[in-house]
Amino acid sequence: MAQTKKQDANFRRFLPAGGHGLVVNFDDGGDKPTQRARALARRIEAESLAGIVDLIPGLSNLLVQYDPLKLRGAELEARITPWLDDLDTGAHLARRLRIPCCYDAEFALDLAEIAETLRLDAEDIIARHIGAELEVAIMGFMPGLGYMKGVDASLHLPRRATPRAKVPARTLGIAMDQSVIYPLTSPGGWNLIGRVPMAIFDITKPDPVLLRTGDKIKFYRIDKKEYNEIRSAYKSGAFQVEIIAP
Amino acid sequence: MNGQIHIVRAGPYTSIQDHGRVGYQALGIPESGALDSTARRLGNALVGNAPDMAGLEICLGGVELELTAPRRVALTGSVMTAMVLTDQNGNEMRILSNRALMLQAGVRLRINNLVATNTAFLAISGGIGTPTLYDSRATAPNAGIGGLDGRLLKDGDALPLLPNLAGGRDLMLTEFAIYPDIGAIRVVLGPQDDRFTAAAINNFLTTPYQVTPALNRMGMRLEGAVLAHIDNADIESDGILNGSVQVPGDGQPILLLADHQTTGGYTKIATVIAADLPLLARVVVGSTLRFSAISVAEAEDAAHAHEAILTRAIESMLAAPPLTDI
């Protein structure tokens with residue numbers, strides 16, 4: 001249970017978003033704002049409030065989209081308020097995923113460069129990336145993209161000054177304290193250090209999105225041969241990412 | 001086989017749209033759906049469809065198509081734009097928007113340049129039958145999902161039609177209060193209005209902003225008096241809505257529309273109210289927008305008022321006079 005700290009006078013818990021959205025702000029100096037935002041989303045879902053359209057967790061707030069024909073922002077605030085001091089941040093609810101990744105130079109386009117910047121050996125970077133357990137802090141930006149926090153402090157870097165026009169789907173990148181896997185081929189500015197063999201957004205699957213907020217992620221290293229094997233196994237439906245349910 | 005729509009000419013930015021993917025933004029899935037939800041609902045009502053059925057969102061115009069099986073069609077989202085029908089003998093007929101008609105197989109339907117709007121909606125009885133993803137057929141071209149192979153339509157495409165279950169008659173719209181002039185776009189300030197200077201808020205609400213050519217289904221970049229931040233433009237990434245007005249470091253606002261990315265890291269000065277979102281679909285490049293601020297309660301009242309007008313417009317639709325056969 002994470003507690004809300006006493007806030008300063010300027011703190012605003014509720015911020016309006018157009019009369020069809022309400023931002024519930026957890027940037028109050030208390031612990032675990034990301035986890036509390038997520039916990040509130042779970043609570044609202046469990047209570048099945050009429051008129052809720054979507055719940056979008058951010059790093060330090062929850063955006064509640066509502067249907068103004070069915071629910072008023074003021075009512076929503078009143079319903080939510082009593083829940084705020086008693087949110088179950090629920091680490092025990094997290095799924096654990098083991099994700100294979102090939103860190104070969106063919107995919108790790110920026111590894112040599114960042115090794116130089118960080119004054120580390122490329123092998124050290126890989127080992128430290130694999131060594132950390134990451135958490136999907138939020139999802140967003142594009143379908144299936146999870147911002148995975150918890151990258152080892154020795155690897156923190158800004159994004160590239162000039163983004164690439166095209167980063168291939170399934171490429172693994174790092175920047176700041178985070179790691180992402182590009183779900184689709186798209187422009188991107190993250191430092192690229194590997195590629196995963198299976199899709200993380202796949203509309204041919206009953207559940208196209210692999211990741212969920214709160215997931216705990218560990219990467220494990222595969223070589224190019226294993227990458228190719230898993231890739232074909234995935235395509236034929238014979239490979240699934242190992243997910244340990246809570 | 002239910003027949004198909006043959007897209008003879010796709011136009012610059014035509015896509016399959018319906019009510020969109022509602023409720024999946026926490027997975028990064030954009031909402032999408034017709035930019036003009038009013039046009040979508042009017043059009044579907046005119047042809048006897050449920051309000052969420054998929055039709056064509058046409059941007060700018062330049063579309064020609066034929067059906068291989070008869071269907072009722074209606075063009076909405078504009079009062080001034082006409083459809084031009086041409087039969088196999090070369091006979092032409094102009095049909096105004098906001099009325100349904102039965103389009104026979106093999107008759108060419110052409111929509112030239114849209115008049116006084118950026119988008120229009122072509123509803124088809126029974127709806128378009130491309131595959132659904134997250135309960136919707138809406139195309140999100142930037143995400144590569146929905147519609148036909150996740151892309152805008154191109155010349156020569158063939159779109160499957162669903163069975164035409166609607167009987168009834170050709171309807172026409174009689175209540176045009178649903179097409180108000182685009183006056184000041186109403187916003188609620190926030191969620192991060194406190195990150196802007198007082199001068200920025202004043203600029204935003206009192207000076208015009210021009211719609212630049214950077215206009216698509218994700219949003220529109222506006223240009224006008226600079227909206228200065230108190231410190232900087234960055235926030236911890238959070239959710240975005242249809243209508244969010246985000247302001248990056250250059251102080252020029254970006255108004256986000258149906259295909260917007262689901263999260264972002266820029267301060268949002270204001271949010272366009274739900275009732276005025278359909279108006280944004282009519283805004284053309286080069287025009288100017290003005291914004292006025294109202295309260296949350298007023299925004300919610302406006303949603304009820306808009307719904308009442310829409311309901312009245314649909315309930316007051318009448319049988320259209322018959323057309324000379326074509």
# chains A, B, ... in the order shown; residues from 1 in each chain; ligands from 1
>>> select_by_dssp(residues="range 30-221 of chain A", states="strand (DSSP E or B)", output="ChimeraX atom specification")
/A:52-57,61-66,87,96-102,134-139,146-149,164-167,171-175,178-181,186-188,191-195,201,209,216-221
>>> residues_around(residues="Arg221 in chain B", least_positions_apart="2", cutoff="9 Å", atoms="only C-alpha atoms", output="MDAnalysis selection string")
chainID B and resid 210:215 219 223 252:256
>>> closest_atom_pairs(of="chain A", to="chain B", cutoff="6 Å", atoms="only C-alpha atoms", output="CSV")
residue,atom,partner,partner_atom,distance
A:Leu15,CA,B:Pro191,CA,5.0
A:Pro16,CA,B:Pro191,CA,5.3
A:Ala17,CA,B:Thr271,CA,5.5
A:Gly18,CA,B:Thr271,CA,4.6
A:Gly19,CA,B:Val296,CA,4.7
A:Val53,CA,B:Gly23,CA,5.8
A:Asp54,CA,B:Gly23,CA,4.4
A:Ile56,CA,B:Ala26,CA,4.9
A:Gly58,CA,B:Asp238,CA,3.9
A:Leu59,CA,B:Ser237,CA,5.8
A:Leu63,CA,B:Gly239,CA,5.8
A:Pro68,CA,B:Glu300,CA,5.3
A:Leu69,CA,B:His304,CA,6.0
A:Met139,CA,B:Leu27,CA,5.7
A:Gly140,CA,B:Gly28,CA,4.1
A:Phe141,CA,B:Gln261,CA,4.7
A:Met142,CA,B:Gly28,CA,5.0
A:Pro143,CA,B:Gly28,CA,4.2
A:Gly144,CA,B:Gly28,CA,5.5
>>> write_last_selection(atoms="all heavy atoms", output="CSV table (one decimal), in the first residue's frame")
chain,number,residue,atom,x,y,z
A,15,LEU,N,-6.9,17.4,-12.8
A,15,LEU,CA,-6.7,18.3,-13.9
A,15,LEU,C,-7.6,18.0,-15.0
A,15,LEU,O,-7.8,16.9,-15.4
A,15,LEU,CB,-5.2,18.2,-14.4
A,15,LEU,CG,-4.1,18.2,-13.4
A,15,LEU,CD1,-2.8,17.9,-14.1
A,15,LEU,CD2,-4.0,19.5,-12.6
A,16,PRO,N,-8.3,19.1,-15.5
A,16,PRO,CA,-9.3,18.8,-16.5
A,16,PRO,C,-8.7,18.5,-17.9
A,16,PRO,O,-7.7,19.1,-18.3
A,16,PRO,CB,-10.1,20.1,-16.6
A,16,PRO,CG,-9.2,21.2,-16.1
A,16,PRO,CD,-8.2,20.5,-15.2
A,17,ALA,N,-9.4,17.7,-18.7
A,17,ALA,CA,-9.0,17.5,-20.1
A,17,ALA,C,-10.3,17.5,-20.9
A,17,ALA,O,-10.8,16.5,-21.4
A,17,ALA,CB,-8.3,16.2,-20.2
A,18,GLY,N,-10.8,18.7,-21.2
A,18,GLY,CA,-11.8,19.0,-22.2
A,18,GLY,C,-13.2,18.6,-21.9
A,18,GLY,O,-14.1,18.6,-22.7
A,19,GLY,N,-13.5,18.2,-20.6
A,19,GLY,CA,-14.9,17.8,-20.3
A,19,GLY,C,-15.2,16.4,-20.9
A,19,GLY,O,-16.3,15.9,-20.8
A,53,VAL,N,-14.7,5.5,-20.6
A,53,VAL,CA,-14.4,5.2,-21.9
A,53,VAL,C,-13.0,4.5,-22.0
A,53,VAL,O,-12.9,3.5,-22.7
A,53,VAL,CB,-14.5,6.4,-22.9
A,53,VAL,CG1,-14.0,6.1,-24.3
A,53,VAL,CG2,-15.9,7.0,-22.9
A,54,ASP,N,-12.0,5.1,-21.4
A,54,ASP,CA,-10.7,4.5,-21.4
A,54,ASP,C,-9.9,5.0,-20.2
A,54,ASP,O,-10.2,6.0,-19.6
A,54,ASP,CB,-10.0,4.9,-22.7
A,54,ASP,CG,-8.9,4.0,-23.2
A,54,ASP,OD1,-8.6,3.0,-22.4
A,54,ASP,OD2,-8.4,4.1,-24.3
A,56,ILE,N,-5.9,5.5,-19.2
A,56,ILE,CA,-4.6,5.6,-19.8
A,56,ILE,C,-3.6,6.0,-18.8
A,56,ILE,O,-3.4,7.2,-18.5
A,56,ILE,CB,-4.6,6.6,-21.0
A,56,ILE,CG1,-5.8,6.3,-21.9
A,56,ILE,CG2,-3.3,6.5,-21.8
A,56,ILE,CD1,-6.3,7.5,-22.7
A,58,GLY,N,-0.2,7.2,-17.2
A,58,GLY,CA,1.0,7.9,-17.6
A,58,GLY,C,2.1,7.6,-16.5
A,58,GLY,O,1.8,6.9,-15.5
A,59,LEU,N,3.2,8.2,-16.6
A,59,LEU,CA,4.3,8.0,-15.7
A,59,LEU,C,3.9,8.5,-14.3
A,59,LEU,O,4.3,7.9,-13.3
A,59,LEU,CB,5.6,8.6,-16.1
A,59,LEU,CG,6.3,7.8,-17.2
A,59,LEU,CD1,7.5,8.6,-17.7
A,59,LEU,CD2,6.7,6.4,-16.8
A,63,LEU,N,-5.0,9.2,-16.9
A,63,LEU,CA,-6.0,9.9,-17.7
A,63,LEU,C,-7.2,9.1,-17.8
A,63,LEU,O,-7.1,8.0,-18.4
A,63,LEU,CB,-5.4,10.3,-19.1
A,63,LEU,CG,-6.4,10.9,-20.1
A,63,LEU,CD1,-7.0,12.2,-19.6
A,63,LEU,CD2,-5.6,11.2,-21.4
A,68,PRO,N,-19.2,12.3,-21.5
A,68,PRO,CA,-19.9,13.3,-20.8
A,68,PRO,C,-21.4,13.1,-20.9
A,68,PRO,O,-22.1,13.8,-20.1
A,68,PRO,CB,-19.5,14.6,-21.5
A,68,PRO,CG,-18.9,14.2,-22.8
A,68,PRO,CD,-18.4,12.8,-22.7
A,69,LEU,N,-21.9,12.3,-21.7
A,69,LEU,CA,-23.4,12.0,-21.8
A,69,LEU,C,-23.8,11.1,-20.6
A,69,LEU,O,-25.0,11.0,-20.3
A,69,LEU,CB,-23.8,11.4,-23.1
A,69,LEU,CG,-23.5,12.2,-24.4
A,69,LEU,CD1,-23.9,11.5,-25.6
A,69,LEU,CD2,-24.1,13.6,-24.3
A,139,MET,N,2.6,2.0,-21.3
A,139,MET,CA,2.5,1.7,-22.8
A,139,MET,C,2.1,3.0,-23.5
A,139,MET,O,1.5,3.8,-22.9
A,139,MET,CB,1.4,0.7,-23.0
A,139,MET,CG,1.5,-0.6,-22.2
A,139,MET,SD,2.7,-1.8,-22.9
A,139,MET,CE,1.9,-2.2,-24.4
A,140,GLY,N,2.5,3.1,-24.7
A,140,GLY,CA,2.1,4.2,-25.5
A,140,GLY,C,2.9,4.5,-26.7
A,140,GLY,O,3.7,3.7,-27.1
A,141,PHE,N,2.5,5.6,-27.3
A,141,PHE,CA,3.2,6.2,-28.5
A,141,PHE,C,2.7,5.4,-29.7
A,141,PHE,O,2.3,6.0,-30.7
A,141,PHE,CB,4.7,6.2,-28.4
A,141,PHE,CG,5.3,7.0,-29.5
A,141,PHE,CD1,5.2,8.3,-29.5
A,141,PHE,CD2,6.0,6.3,-30.5
A,141,PHE,CE1,5.8,9.1,-30.5
A,141,PHE,CE2,6.6,7.1,-31.5
A,141,PHE,CZ,6.5,8.4,-31.5
A,142,MET,N,2.9,4.1,-29.7
A,142,MET,CA,2.4,3.3,-30.9
A,142,MET,C,1.9,2.0,-30.4
A,142,MET,O,2.2,1.6,-29.2
A,142,MET,CB,3.5,3.2,-32.0
A,142,MET,CG,4.7,2.3,-31.6
A,142,MET,SD,5.7,2.0,-33.0
A,142,MET,CE,6.7,3.4,-33.1
A,143,PRO,N,1.1,1.2,-31.2
A,143,PRO,CA,0.5,0.0,-30.7
A,143,PRO,C,1.6,-1.0,-30.1
A,143,PRO,O,2.6,-1.3,-30.8
A,143,PRO,CB,-0.1,-0.6,-32.0
A,143,PRO,CG,-0.4,0.6,-32.8
A,143,PRO,CD,0.7,1.5,-32.6
A,144,GLY,N,1.4,-1.4,-28.9
A,144,GLY,CA,2.2,-2.4,-28.3
A,144,GLY,C,3.5,-2.0,-27.7
A,144,GLY,O,4.3,-2.8,-27.2
>>> residues_around(residues="Thr132 in chain B", least_positions_apart="4", cutoff="10 Å", atoms="only C-alpha atoms", output="CSV table (one decimal) with N, CA and C atoms, in the first residue's frame")
chain,number,residue,atom,x,y,z
B,21,ARG,N,-11.4,2.5,-32.4
B,21,ARG,CA,-11.0,1.5,-31.4
B,21,ARG,C,-11.1,2.1,-30.0
B,136,SER,N,-13.1,-2.8,-34.5
B,136,SER,CA,-13.3,-1.7,-35.4
B,136,SER,C,-12.6,-2.0,-36.7
B,137,ARG,N,-13.1,-1.4,-37.8
B,137,ARG,CA,-12.4,-1.5,-39.1
B,137,ARG,C,-11.6,-0.2,-39.4
B,138,ALA,N,-11.6,0.7,-38.5
B,138,ALA,CA,-11.0,2.0,-38.8
B,138,ALA,C,-9.5,1.9,-39.2
B,145,ILE,N,-2.5,-0.2,-39.2
B,145,ILE,CA,-3.6,-1.1,-38.8
B,145,ILE,C,-5.0,-0.7,-39.4
B,146,GLY,N,-5.9,-1.7,-39.4
B,146,GLY,CA,-7.2,-1.4,-39.8
B,146,GLY,C,-7.4,-1.2,-41.3
B,147,GLY,N,-8.6,-1.0,-41.7
B,147,GLY,CA,-9.0,-0.7,-43.1
B,147,GLY,C,-8.5,-1.8,-44.0
>>> atom_distance(atom1="CA of Gly29 in chain A", atom2="CA of Ala94 in chain A")
23.9 Å
>>> residues_around(residues="Phe201 in chain A", least_positions_apart="4", cutoff="6 Å", atoms="only C-alpha atoms", output="list in words")
Gly144, Pro183, Pro208 and Val209 of chain A
>>> write_last_selection(atoms="N, CA and C atoms", output="PDB file, in the first residue's frame")
ATOM      1  N   GLY A 144       1.394  -1.383 -28.903  1.00  0.00           N
ATOM      2  CA  GLY A 144       2.216  -2.423 -28.308  1.00  0.00           C
ATOM      3  C   GLY A 144       3.534  -1.970 -27.738  1.00  0.00           C
ATOM      4  N   PRO A 183       7.637  -1.868 -31.916  1.00  0.00           N
ATOM      5  CA  PRO A 183       6.644  -2.852 -32.370  1.00  0.00           C
ATOM      6  C   PRO A 183       6.514  -2.868 -33.893  1.00  0.00           C
ATOM      7  N   PRO A 208      -3.077  -9.169 -29.895  1.00  0.00           N
ATOM      8  CA  PRO A 208      -1.949  -8.668 -30.692  1.00  0.00           C
ATOM      9  C   PRO A 208      -0.824  -8.043 -29.874  1.00  0.00           C
ATOM     10  N   VAL A 209      -1.107  -7.598 -28.663  1.00  0.00           N
ATOM     11  CA  VAL A 209      -0.114  -6.871 -27.868  1.00  0.00           C
ATOM     12  C   VAL A 209       0.489  -7.797 -26.814  1.00  0.00           C
TER      13      VAL A 209
END
>>> residues_around(residues="Arg170 in chain A", least_positions_apart="4", cutoff="8 Å", atoms="only C-alpha atoms", output="PyMOL selection string")
chain A and resi 181-185+195-200
>>> select_by_dssp(residues="range 5-244 of chain A", states="helix (DSSP H, G or I)", output="number ranges by chain")
A: 33-47, 73-86, 91-93, 111-118, 122-131, 153-155, 224-235
>>> residues_around(residues="Leu192 in chain A", least_positions_apart="6", cutoff="10 Å", atoms="only C-alpha atoms", output="list in words")
Tyr103, Ala105, Phe107, Ala108, Leu109, Asp110, Leu111, Ile114, Arg160, Val167, Thr171, Leu172, Gly173, Ile174, Ala175, Ser179, Val180 and Ile181 of chain A
>>> write_last_selection(atoms="all heavy atoms", output="compact mmCIF listing (two decimals), in the first residue's frame")
# COMPACT_ATOMS: atom_id res chain seq x y z
N TYR A 103 21.97 -9.76 -29.64
CA TYR A 103 22.72 -8.51 -29.52
C TYR A 103 23.83 -8.42 -30.57
O TYR A 103 24.73 -7.61 -30.44
CB TYR A 103 23.31 -8.37 -28.12
CG TYR A 103 22.28 -8.25 -27.00
CD1 TYR A 103 21.72 -9.38 -26.40
CD2 TYR A 103 21.90 -6.99 -26.54
CE1 TYR A 103 20.81 -9.25 -25.37
CE2 TYR A 103 20.98 -6.86 -25.50
CZ TYR A 103 20.43 -8.00 -24.91
OH TYR A 103 19.52 -7.87 -23.89
N ALA A 105 26.07 -7.60 -33.83
CA ALA A 105 26.34 -6.28 -34.42
C ALA A 105 25.38 -5.93 -35.55
O ALA A 105 25.03 -4.77 -35.75
CB ALA A 105 27.79 -6.24 -34.92
N PHE A 107 22.33 -6.26 -35.67
CA PHE A 107 21.13 -5.62 -35.14
C PHE A 107 21.46 -4.46 -34.20
O PHE A 107 20.68 -3.54 -34.03
CB PHE A 107 20.28 -6.64 -34.37
CG PHE A 107 19.85 -7.82 -35.18
CD1 PHE A 107 19.96 -9.11 -34.67
CD2 PHE A 107 19.35 -7.65 -36.47
CE1 PHE A 107 19.54 -10.20 -35.42
CE2 PHE A 107 18.94 -8.74 -37.23
CZ PHE A 107 19.04 -10.03 -36.70
N ALA A 108 22.62 -4.56 -33.56
CA ALA A 108 23.01 -3.60 -32.52
C ALA A 108 23.76 -2.43 -33.14
O ALA A 108 24.94 -2.24 -32.91
CB ALA A 108 23.84 -4.30 -31.45
N LEU A 109 23.02 -1.66 -33.93
CA LEU A 109 23.67 -0.65 -34.78
C LEU A 109 24.42 0.42 -33.99
O LEU A 109 25.35 1.03 -34.49
CB LEU A 109 22.62 0.02 -35.68
CG LEU A 109 21.95 -0.91 -36.69
CD1 LEU A 109 20.96 -0.14 -37.54
CD2 LEU A 109 22.98 -1.61 -37.58
N ASP A 110 24.01 0.66 -32.75
CA ASP A 110 24.64 1.72 -31.97
C ASP A 110 25.52 1.21 -30.85
O ASP A 110 26.06 1.99 -30.07
CB ASP A 110 23.56 2.64 -31.37
CG ASP A 110 22.74 3.34 -32.44
OD1 ASP A 110 23.34 3.68 -33.48
OD2 ASP A 110 21.53 3.52 -32.24
N LEU A 111 25.67 -0.09 -30.75
CA LEU A 111 26.37 -0.65 -29.59
C LEU A 111 27.83 -0.19 -29.52
O LEU A 111 28.30 0.23 -28.46
CB LEU A 111 26.28 -2.19 -29.63
CG LEU A 111 26.76 -2.93 -28.38
CD1 LEU A 111 26.02 -2.45 -27.13
CD2 LEU A 111 26.56 -4.44 -28.54
N ILE A 114 27.95 3.58 -28.50
CA ILE A 114 27.64 3.90 -27.10
C ILE A 114 28.67 3.28 -26.15
O ILE A 114 28.92 3.82 -25.07
CB ILE A 114 26.19 3.54 -26.70
CG1 ILE A 114 25.94 2.04 -26.71
CG2 ILE A 114 25.18 4.27 -27.55
CD1 ILE A 114 24.57 1.68 -26.15
N ARG A 160 19.36 9.60 -29.35
CA ARG A 160 20.27 10.10 -30.38
C ARG A 160 19.85 11.50 -30.81
O ARG A 160 18.67 11.80 -30.92
CB ARG A 160 20.26 9.17 -31.59
CG ARG A 160 20.80 7.79 -31.30
CD ARG A 160 20.61 6.85 -32.48
NE ARG A 160 21.30 7.35 -33.67
CZ ARG A 160 22.60 7.20 -33.89
NH1 ARG A 160 23.34 6.55 -33.02
NH2 ARG A 160 23.14 7.66 -34.99
N VAL A 167 13.60 2.63 -38.26
CA VAL A 167 14.14 1.59 -37.38
C VAL A 167 13.29 0.34 -37.62
O VAL A 167 12.07 0.40 -37.54
CB VAL A 167 14.04 2.01 -35.90
CG1 VAL A 167 14.49 0.87 -34.99
CG2 VAL A 167 14.85 3.27 -35.64
N THR A 171 13.33 -4.11 -33.12
CA THR A 171 14.65 -3.67 -32.67
C THR A 171 14.58 -3.19 -31.23
O THR A 171 13.59 -2.58 -30.81
CB THR A 171 15.17 -2.53 -33.59
OG1 THR A 171 15.19 -3.01 -34.93
CG2 THR A 171 16.58 -2.11 -33.19
N LEU A 172 15.63 -3.51 -30.47
CA LEU A 172 15.70 -3.13 -29.05
C LEU A 172 16.54 -1.87 -28.91
O LEU A 172 17.63 -1.77 -29.48
CB LEU A 172 16.37 -4.27 -28.27
CG LEU A 172 16.64 -4.04 -26.79
CD1 LEU A 172 15.36 -4.13 -25.98
CD2 LEU A 172 17.66 -5.05 -26.27
N GLY A 173 16.01 -0.90 -28.18
CA GLY A 173 16.75 0.34 -27.97
C GLY A 173 16.84 0.69 -26.49
O GLY A 173 16.04 0.20 -25.69
N ILE A 174 17.84 1.51 -26.16
CA ILE A 174 17.92 2.05 -24.80
C ILE A 174 18.11 3.56 -24.88
O ILE A 174 18.68 4.09 -25.83
CB ILE A 174 19.05 1.43 -23.93
CG1 ILE A 174 20.42 1.60 -24.60
CG2 ILE A 174 18.77 -0.03 -23.62
CD1 ILE A 174 21.58 1.18 -23.69
N ALA A 175 17.59 4.23 -23.86
CA ALA A 175 17.81 5.68 -23.67
C ALA A 175 17.33 6.01 -22.27
O ALA A 175 16.37 5.39 -21.77
CB ALA A 175 17.04 6.50 -24.70
N SER A 179 14.23 1.09 -21.74
CA SER A 179 14.47 0.27 -22.90
C SER A 179 13.14 0.12 -23.63
O SER A 179 12.09 0.10 -22.98
CB SER A 179 14.99 -1.11 -22.44
OG SER A 179 15.69 -1.75 -23.45
N VAL A 180 13.20 0.08 -24.95
CA VAL A 180 11.97 -0.19 -25.72
C VAL A 180 12.26 -1.22 -26.79
O VAL A 180 13.41 -1.38 -27.23
CB VAL A 180 11.40 1.06 -26.42
CG1 VAL A 180 10.95 2.12 -25.44
CG2 VAL A 180 12.40 1.64 -27.43
N ILE A 181 11.21 -1.91 -27.22
CA ILE A 181 11.28 -2.72 -28.44
C ILE A 181 10.32 -2.05 -29.42
O ILE A 181 9.16 -1.81 -29.08
CB ILE A 181 10.83 -4.17 -28.19
CG1 ILE A 181 11.69 -4.82 -27.11
CG2 ILE A 181 10.87 -4.97 -29.49
CD1 ILE A 181 11.09 -6.12 -26.55
>>> residues_around(residues="Arg41 in chain B", least_positions_apart="6", cutoff="10 Å", atoms="only C-alpha atoms", output="ChimeraX atom specification")
/B:18-19,34,49-53,76-77,121,123,310-311,314
